[in-house]
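K.L.:
Input structure: start25.txt, which contains compact mmCIF, C-alpha atoms and all ligand atoms.
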```txt
# COMPACT_ATOMS: atom_id res chain seq x y z
CA MET B 1 54.05 150.55 91.64
CA PRO B 2 54.85 150.13 87.97
CA ALA B 3 57.24 153.08 88.27
CA LYS B 4 59.01 151.38 91.11
CA ARG B 5 59.16 148.18 89.19
CA SER B 6 60.51 149.91 86.17
CA SER B 7 63.13 151.65 88.28
CA THR B 8 64.43 148.32 89.60
CA ILE B 9 64.49 146.55 86.28
CA PRO B 10 67.41 148.48 84.78
CA ALA B 11 69.42 147.90 87.94
CA ALA B 12 68.62 144.21 87.84
CA ARG B 13 69.46 144.10 84.16
CA SER B 14 72.68 145.91 84.86
CA ALA B 15 73.56 143.48 87.61
CA ALA B 16 72.62 140.59 85.36
CA ARG B 17 74.76 142.05 82.61
CA THR B 18 77.66 142.49 85.04
CA GLY B 19 77.18 138.91 86.28
CA ALA B 20 76.98 137.61 82.74
CA ALA B 21 80.13 139.49 81.85
CA ALA B 22 81.89 138.08 84.90
CA LYS B 23 80.69 134.59 84.04
CA SER B 24 81.79 135.07 80.48
CA ALA B 25 85.23 136.22 81.63
CA ALA B 26 85.50 133.28 84.01
CA GLY B 27 84.42 130.99 81.21
CA SER B 28 87.05 132.44 78.93
CA ARG B 29 89.70 131.97 81.61
CA ARG B 30 88.60 128.35 82.10
CA ALA B 31 88.67 127.78 78.37
CA ALA B 32 92.13 129.31 78.14
CA SER B 33 93.28 127.19 81.05
CA THR B 34 91.81 124.09 79.45
CA ALA B 35 93.50 124.99 76.18
CA ARG B 36 96.81 125.43 77.98
CA ARG B 37 96.38 122.03 79.68
CA ALA B 38 95.42 120.49 76.38
CA ALA B 39 98.47 122.04 74.75
CA ALA B 40 100.61 120.65 77.55
CA ALA B 41 99.03 117.21 77.29
CA ASN B 42 101.14 114.39 75.94
CA GLY B 43 101.16 113.03 72.43
CA ALA B 44 98.19 110.78 73.16
CA GLY B 45 96.03 113.89 73.28
CA ARG B 46 94.95 113.30 76.89
CA ARG B 47 93.69 116.26 78.89
CA LEU B 48 95.68 116.81 82.09
CA THR B 49 93.55 116.50 85.19
CA SER B 50 94.01 115.61 88.84
CA GLN B 51 91.32 112.93 88.62
CA PRO B 52 92.91 109.47 88.80
CA TRP B 53 92.22 107.33 85.72
CA LEU B 54 90.57 104.37 87.41
CA HIS B 55 89.70 100.82 86.33
CA GLN B 56 92.24 100.71 83.53
CA LYS B 57 93.03 97.61 81.51
CA GLY B 58 96.04 97.11 79.28
CA VAL B 59 97.84 94.64 77.10
CA GLU B 60 100.53 92.30 78.50
CA LEU B 61 103.80 93.96 77.49
CA GLN B 62 106.09 90.98 78.01
CA ASP B 63 105.27 87.28 78.32
CA PHE B 64 106.53 85.32 81.30
CA GLY B 65 109.49 83.16 80.26
CA THR B 66 110.94 85.68 77.81
CA VAL B 67 113.88 88.07 78.16
CA ARG B 68 114.37 91.49 76.65
CA GLN B 69 117.63 92.56 75.03
CA PHE B 70 119.72 94.36 77.64
CA PRO B 71 123.29 95.58 76.96
CA ILE B 72 124.99 93.76 79.84
CA GLY B 73 127.44 91.59 77.93
CA LEU B 74 125.46 88.34 78.27
CA SER B 75 123.90 86.43 75.39
CA HIS B 76 120.15 85.99 75.00
CA ASP B 77 120.43 82.26 75.75
CA THR B 78 122.47 82.83 78.91
CA ARG B 79 120.05 85.43 80.21
CA MET B 80 117.10 83.17 79.36
CA TYR B 81 118.67 80.19 81.14
CA SER B 82 119.61 82.17 84.24
CA SER B 83 116.17 83.77 84.42
CA GLN B 84 114.50 80.37 84.40
CA ARG B 85 116.77 79.02 87.14
CA LEU B 86 116.32 82.17 89.21
CA ASN B 87 112.55 82.05 88.85
CA ARG B 88 112.47 78.49 90.13
CA THR B 89 114.52 79.50 93.17
CA LEU B 90 112.35 82.59 93.54
CA ALA B 91 109.21 80.44 93.70
CA ASP B 92 110.77 78.04 96.22
CA THR B 93 112.07 80.93 98.31
CA GLN B 94 108.65 82.55 98.42
CA ILE B 95 107.24 79.26 99.69
CA LEU B 96 110.04 78.95 102.27
CA TYR B 97 109.31 82.49 103.44
CA SER B 98 105.62 81.61 103.83
CA LEU B 99 106.51 78.42 105.72
CA TYR B 100 108.67 80.44 108.09
CA LYS B 101 105.82 82.86 108.79
CA LYS B 102 103.32 80.02 109.20
CA HIS B 103 105.56 78.25 111.71
CA HIS B 104 106.43 81.52 113.44
CA TRP B 105 102.71 81.99 114.06
CA LEU B 106 101.87 78.38 114.93
CA MET B 107 104.86 77.78 117.23
CA ARG B 108 104.07 76.35 120.67
CA GLY B 109 105.63 74.66 123.69
CA ALA B 110 108.47 75.37 126.11
CA THR B 111 110.71 76.93 123.45
CA PHE B 112 107.92 79.01 121.97
CA TYR B 113 109.50 82.40 122.50
CA GLN B 114 112.95 81.51 121.17
CA LEU B 115 111.64 79.73 118.08
CA HIS B 116 108.93 82.32 117.47
CA LEU B 117 111.63 85.00 117.23
CA LEU B 118 114.16 82.88 115.33
CA LEU B 119 111.70 81.85 112.63
CA ASP B 120 110.65 85.45 112.12
CA LYS B 121 114.29 86.51 111.76
CA HIS B 122 114.82 83.84 109.11
CA ALA B 123 111.59 84.90 107.38
CA GLY B 124 112.94 88.45 107.17
CA GLU B 125 116.20 87.20 105.65
CA GLN B 126 114.31 85.11 103.11
CA LEU B 127 112.19 88.13 102.22
CA GLU B 128 115.36 90.06 101.41
CA LEU B 129 116.50 87.16 99.22
CA ILE B 130 113.17 87.18 97.37
CA ASP B 131 113.71 90.79 96.38
CA MET B 132 117.31 90.18 95.32
CA ILE B 133 116.42 87.17 93.19
CA ALA B 134 113.44 88.91 91.57
CA GLU B 135 115.51 91.96 90.73
CA ARG B 136 118.23 89.76 89.23
CA VAL B 137 115.60 88.29 86.90
CA GLN B 138 114.60 91.82 85.92
CA THR B 139 118.25 92.81 85.47
CA LEU B 140 118.61 89.98 82.96
CA GLY B 141 115.59 91.28 81.01
CA GLY B 142 113.17 88.63 82.28
CA VAL B 143 109.88 88.65 84.17
CA ALA B 144 110.07 87.75 87.87
CA ILE B 145 107.42 85.41 89.20
CA GLY B 146 105.26 87.33 91.66
CA ASP B 147 101.70 86.13 92.10
CA PRO B 148 101.45 83.44 94.83
CA ARG B 149 99.11 81.34 92.66
CA HIS B 150 101.78 81.32 89.94
CA VAL B 151 104.39 80.51 92.58
CA ALA B 152 102.33 77.48 93.66
CA GLU B 153 102.42 76.14 90.10
CA ILE B 154 106.22 76.41 89.85
CA THR B 155 107.54 75.42 93.27
CA ALA B 156 108.84 71.95 94.04
CA ILE B 157 108.42 72.31 97.82
CA PRO B 158 105.54 70.15 99.12
CA ARG B 159 102.50 71.86 100.60
CA PRO B 160 102.24 71.46 104.38
CA PRO B 161 98.99 70.58 106.18
CA ASP B 162 96.77 73.60 106.73
CA GLY B 163 96.71 72.91 110.47
CA ALA B 164 99.50 72.95 113.05
CA GLU B 165 102.11 70.20 113.17
CA GLU B 166 104.26 69.15 116.12
CA VAL B 167 107.24 71.44 116.64
CA PRO B 168 109.97 68.98 115.48
CA ALA B 169 107.92 68.27 112.34
CA MET B 170 107.69 72.00 111.62
CA LEU B 171 111.46 72.36 111.96
CA SER B 172 112.12 69.27 109.83
CA ARG B 173 109.81 70.62 107.13
CA LEU B 174 111.79 73.87 107.06
CA LEU B 175 115.09 71.98 106.87
CA GLU B 176 113.85 69.88 103.97
CA ALA B 177 112.73 72.99 102.09
CA HIS B 178 116.15 74.54 102.72
CA GLU B 179 117.95 71.48 101.38
CA MET B 180 115.81 71.37 98.22
CA ILE B 181 116.68 75.00 97.52
CA LEU B 182 120.36 74.48 98.33
CA ILE B 183 120.78 71.44 96.05
CA ASP B 184 119.20 73.34 93.19
CA ALA B 185 121.17 76.51 93.97
CA HIS B 186 124.53 74.69 93.87
CA ASP B 187 123.70 73.33 90.42
CA ALA B 188 122.35 76.69 89.19
CA ALA B 189 125.46 78.51 90.46
CA ALA B 190 127.77 76.10 88.60
CA ARG B 191 125.75 76.37 85.37
CA ALA B 192 125.67 80.18 85.60
CA ALA B 193 129.46 80.23 86.06
CA GLU B 194 129.94 77.94 83.04
CA GLN B 195 127.96 80.39 80.92
CA GLY B 196 129.84 83.43 82.18
CA ASP B 197 126.92 84.83 84.18
CA ASP B 198 129.02 85.90 87.15
CA GLY B 199 126.32 88.08 88.70
CA THR B 200 123.84 85.21 88.89
CA ASN B 201 126.55 82.86 90.14
CA ASP B 202 127.43 85.38 92.85
CA LEU B 203 123.80 85.78 93.90
CA PHE B 204 123.37 82.03 94.23
CA VAL B 205 126.64 81.54 96.14
CA SER B 206 126.85 84.68 98.27
CA ASN B 207 123.19 85.05 99.10
CA VAL B 208 120.99 82.03 98.42
CA ILE B 209 123.52 79.38 99.50
CA ARG B 210 125.23 81.26 102.33
CA THR B 211 121.98 82.40 103.90
CA GLY B 212 120.31 79.01 103.47
CA GLU B 213 123.23 77.12 104.99
CA MET B 214 123.37 79.42 108.01
CA GLU B 215 119.63 79.18 108.65
CA ALA B 216 119.72 75.39 108.24
CA TRP B 217 122.46 75.22 110.90
CA PHE B 218 120.40 77.26 113.36
CA LEU B 219 117.35 75.06 112.77
CA ALA B 220 119.20 71.74 112.92
CA GLU B 221 120.69 72.57 116.33
CA HIS B 222 117.15 72.70 117.71
CA LEU B 223 116.63 69.08 116.76
CA VAL B 224 119.52 67.76 118.84
CA ASP B 225 118.06 65.78 121.71
CA THR B 226 120.37 66.99 124.46
CA PRO B 227 119.58 67.35 128.18
CA LEU B 228 119.14 70.92 129.37
CA VAL B 229 120.12 70.49 133.02
CA HIS B 230 121.59 67.05 133.92
CA ALA B 231 124.34 65.45 131.79
FE FE B 301 105.14 88.16 114.06
```
Starting from the file, lay out its structure as structure tokens.

P.N.:
Amino acid sequence: MPAKRSSTIPAARSAARTGAAAKSAAGSRRAASTARRAAAANGAGRRLTSQPWLHQKGVELQDFGTVRQFPIGLSHDTRMYSSQRLNRTLADTQILYSLYKKHHWLMRGATFYQLHLLLDKHAGEQLELIDMIAERVQTLGGVAIGDPRHVAEITAIPRPPDGAEEVPAMLSRLLEAHEMILIDAHDAAARAAEQGDDGTNDLFVSNVIRTGEMEAWFLAEHLVDTPLVHA
């Protein structure tokens, strides 16, 4: 028995040695690979890995209400002024978009289907405007307003009741929001033009005003009390 045992021990030792050598080689390869990744890591000395870096916190890089210096031929004061006007319109437009969706969902009555679809179409157009206005703020070096709780602090459009209103009241509420935005947009467009900010002027005129006027027309026609069958 001891002889048998002794005959197996060298084989086991050999296998163990082979395994250890293999492990050592694998370890060396891993170390070399790690070293290569470390060498390829950026200047911060971070090790490259496929594990996402979760739960990160950082400093605020730019305060709301400030503009960075961008080489677009507009002064700091002009870009600051336009950014403020655009952010106000951005906040109001985000509220108008939300009102359109709310009324799209809460629509009722004989004209439900038509108004349900129309209000969603207008909501989609307002959503496109939101992106255009926000990106104009960024183009000017500013910080676009984004969080809905921040939007609620800035907007001038009154908050509707949380429940459902009668259909004509819903439409009137949308028209009033449109007119508030339009009055402000006309003034902002003129001021932007005075300061030479043609891009902001164009956005207000070609997009905010034109779209708002067209949507207001479509809404207002639904408030004309006209007979459907007998004149
Ligand atoms: Fe919908």

K.L.:
Give me the residues of chain B that have any atom at most 12 Å from an atom of ligand FE 301 (chain B); for each, the nearest atom pair and the distance in Å, rounded to one decimal. Use only C-alpha atoms and all ligand atoms, sort by chain and number, and format it as a tab-separated table.

P.N.:
```
residue	atom	partner	partner_atom	distance
B:Tyr100	CA	B:FE301	FE	10.4
B:Lys101	CA	B:FE301	FE	7.5
B:Lys102	CA	B:FE301	FE	9.7
B:His103	CA	B:FE301	FE	10.2
B:His104	CA	B:FE301	FE	6.8
B:Trp105	CA	B:FE301	FE	6.6
B:Leu106	CA	B:FE301	FE	10.3
B:Met107	CA	B:FE301	FE	10.9
B:Tyr113	CA	B:FE301	FE	11.1
B:Leu115	CA	B:FE301	FE	11.4
B:His116	CA	B:FE301	FE	7.8
B:Leu117	CA	B:FE301	FE	7.9
B:Leu118	CA	B:FE301	FE	10.5
B:Leu119	CA	B:FE301	FE	9.2
B:Asp120	CA	B:FE301	FE	6.4
B:Lys121	CA	B:FE301	FE	9.6
B:His122	CA	B:FE301	FE	11.7
B:Ala123	CA	B:FE301	FE	9.8
B:Gly124	CA	B:FE301	FE	10.4
```

K.L.:
Include C-alpha atoms and write out the residues we just selected as a PDB file, in the frame of the given file.

P.N.:
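Ended up saving to out-v4.pdb:
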```pdb
ATOM      1  CA  TYR B 100     108.670  80.440 108.090  1.00  0.00           C
ATOM      2  CA  LYS B 101     105.820  82.860 108.790  1.00  0.00           C
ATOM      3  CA  LYS B 102     103.320  80.020 109.200  1.00  0.00           C
ATOM      4  CA  HIS B 103     105.560  78.250 111.710  1.00  0.00           C
ATOM      5  CA  HIS B 104     106.430  81.520 113.440  1.00  0.00           C
ATOM      6  CA  TRP B 105     102.710  81.990 114.060  1.00  0.00           C
ATOM      7  CA  LEU B 106     101.870  78.380 114.930  1.00  0.00           C
ATOM      8  CA  MET B 107     104.860  77.780 117.230  1.00  0.00           C
ATOM      9  CA  TYR B 113     109.500  82.400 122.500  1.00  0.00           C
ATOM     10  CA  LEU B 115     111.640  79.730 118.080  1.00  0.00           C
ATOM     11  CA  HIS B 116     108.930  82.320 117.470  1.00  0.00           C
ATOM     12  CA  LEU B 117     111.630  85.000 117.230  1.00  0.00           C
ATOM     13  CA  LEU B 118     114.160  82.880 115.330  1.00  0.00           C
ATOM     14  CA  LEU B 119     111.700  81.850 112.630  1.00  0.00           C
ATOM     15  CA  ASP B 120     110.650  85.450 112.120  1.00  0.00           C
ATOM     16  CA  LYS B 121     114.290  86.510 111.760  1.00  0.00           C
ATOM     17  CA  HIS B 122     114.820  83.840 109.110  1.00  0.00           C
ATOM     18  CA  ALA B 123     111.590  84.900 107.380  1.00  0.00           C
ATOM     19  CA  GLY B 124     112.940  88.450 107.170  1.00  0.00           C
TER      20      GLY B 124
END
```

K.L.:
Please compute the atom CA of B:Ala144-atom CA of B:Gly65 distance, one decimal, in Å.

P.N.:
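Going from atom CA of B:Ala144 over to atom CA of B:Gly65 covers 8.9 Å.
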
K.L.:
Which residues of stretch 162-225 of chain B come within 8 Å of stretch 67-87 of chain B, and for each one, what is the closest pair of atoms and their distance in Å to one decimal, counting all atoms listed in the file, sorted by chain and residue number, as JSON lines?

P.N.:
```
{"residue": "B:Ala188", "atom": "CA", "partner": "B:Arg85", "partner_atom": "CA", "distance": 6.4}
{"residue": "B:Ala192", "atom": "CA", "partner": "B:Ser82", "partner_atom": "CA", "distance": 6.5}
{"residue": "B:Gln195", "atom": "CA", "partner": "B:Thr78", "partner_atom": "CA", "distance": 6.3}
{"residue": "B:Gly196", "atom": "CA", "partner": "B:Leu74", "partner_atom": "CA", "distance": 7.7}
{"residue": "B:Asp197", "atom": "CA", "partner": "B:Leu74", "partner_atom": "CA", "distance": 7.0}
{"residue": "B:Thr200", "atom": "CA", "partner": "B:Ser82", "partner_atom": "CA", "distance": 7.0}
```

K.L.:
Identify, on the basis of only C-alpha atoms, every residue whose closest approach to B:Glu221 does not exceed 12 Å; exclude the query and any residue fewer than 3 positions from it along the same chain; express the result as a PDB file with C-alpha atoms, keeping the file's coordinate frame.

P.N.:
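Written file, out16.pdb:
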```pdb
ATOM      1  CA  LEU B 115     111.640  79.730 118.080  1.00  0.00           C
ATOM      2  CA  PRO B 168     109.970  68.980 115.480  1.00  0.00           C
ATOM      3  CA  LEU B 171     111.460  72.360 111.960  1.00  0.00           C
ATOM      4  CA  SER B 172     112.120  69.270 109.830  1.00  0.00           C
ATOM      5  CA  LEU B 175     115.090  71.980 106.870  1.00  0.00           C
ATOM      6  CA  MET B 214     123.370  79.420 108.010  1.00  0.00           C
ATOM      7  CA  GLU B 215     119.630  79.180 108.650  1.00  0.00           C
ATOM      8  CA  ALA B 216     119.720  75.390 108.240  1.00  0.00           C
ATOM      9  CA  TRP B 217     122.460  75.220 110.900  1.00  0.00           C
ATOM     10  CA  PHE B 218     120.400  77.260 113.360  1.00  0.00           C
ATOM     11  CA  VAL B 224     119.520  67.760 118.840  1.00  0.00           C
ATOM     12  CA  ASP B 225     118.060  65.780 121.710  1.00  0.00           C
ATOM     13  CA  THR B 226     120.370  66.990 124.460  1.00  0.00           C
TER      14      THR B 226
END
```

K.L.:
Kindly give the distance, in Å, that separates atom CA of B:Ile157 and atom CA of B:His222, rounded to a single decimal.

P.N.:
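So the answer is 21.7 Å.
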
K.L.:
Would you please work out which residue, of B:Ala189, B:Ala152, B:Leu228, B:Leu61, is nearest to B:Leu96 when using all atoms listed in the file?

P.N.:
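Ranking B:Ala189, B:Ala152, B:Leu228, B:Leu61 by distance to B:Leu96, first place goes to B:Ala152.
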
K.L.:
Edge lengths and centre in Å to one decimal, as JSON, is what I'm after for the box along x, y and z that holds all listed atoms of stretch 183-202 of chain B once 4 Å is added on each side.

P.N.:
```
{"center_x": 124.6, "center_y": 79.8, "center_z": 88.5, "size_x": 18.7, "size_y": 24.6, "size_z": 23.1}
```

K.L.:
Separation of atom CA of B:Asp202 and atom CA of B:Ile145, in Å?

P.N.:
20.3 Å
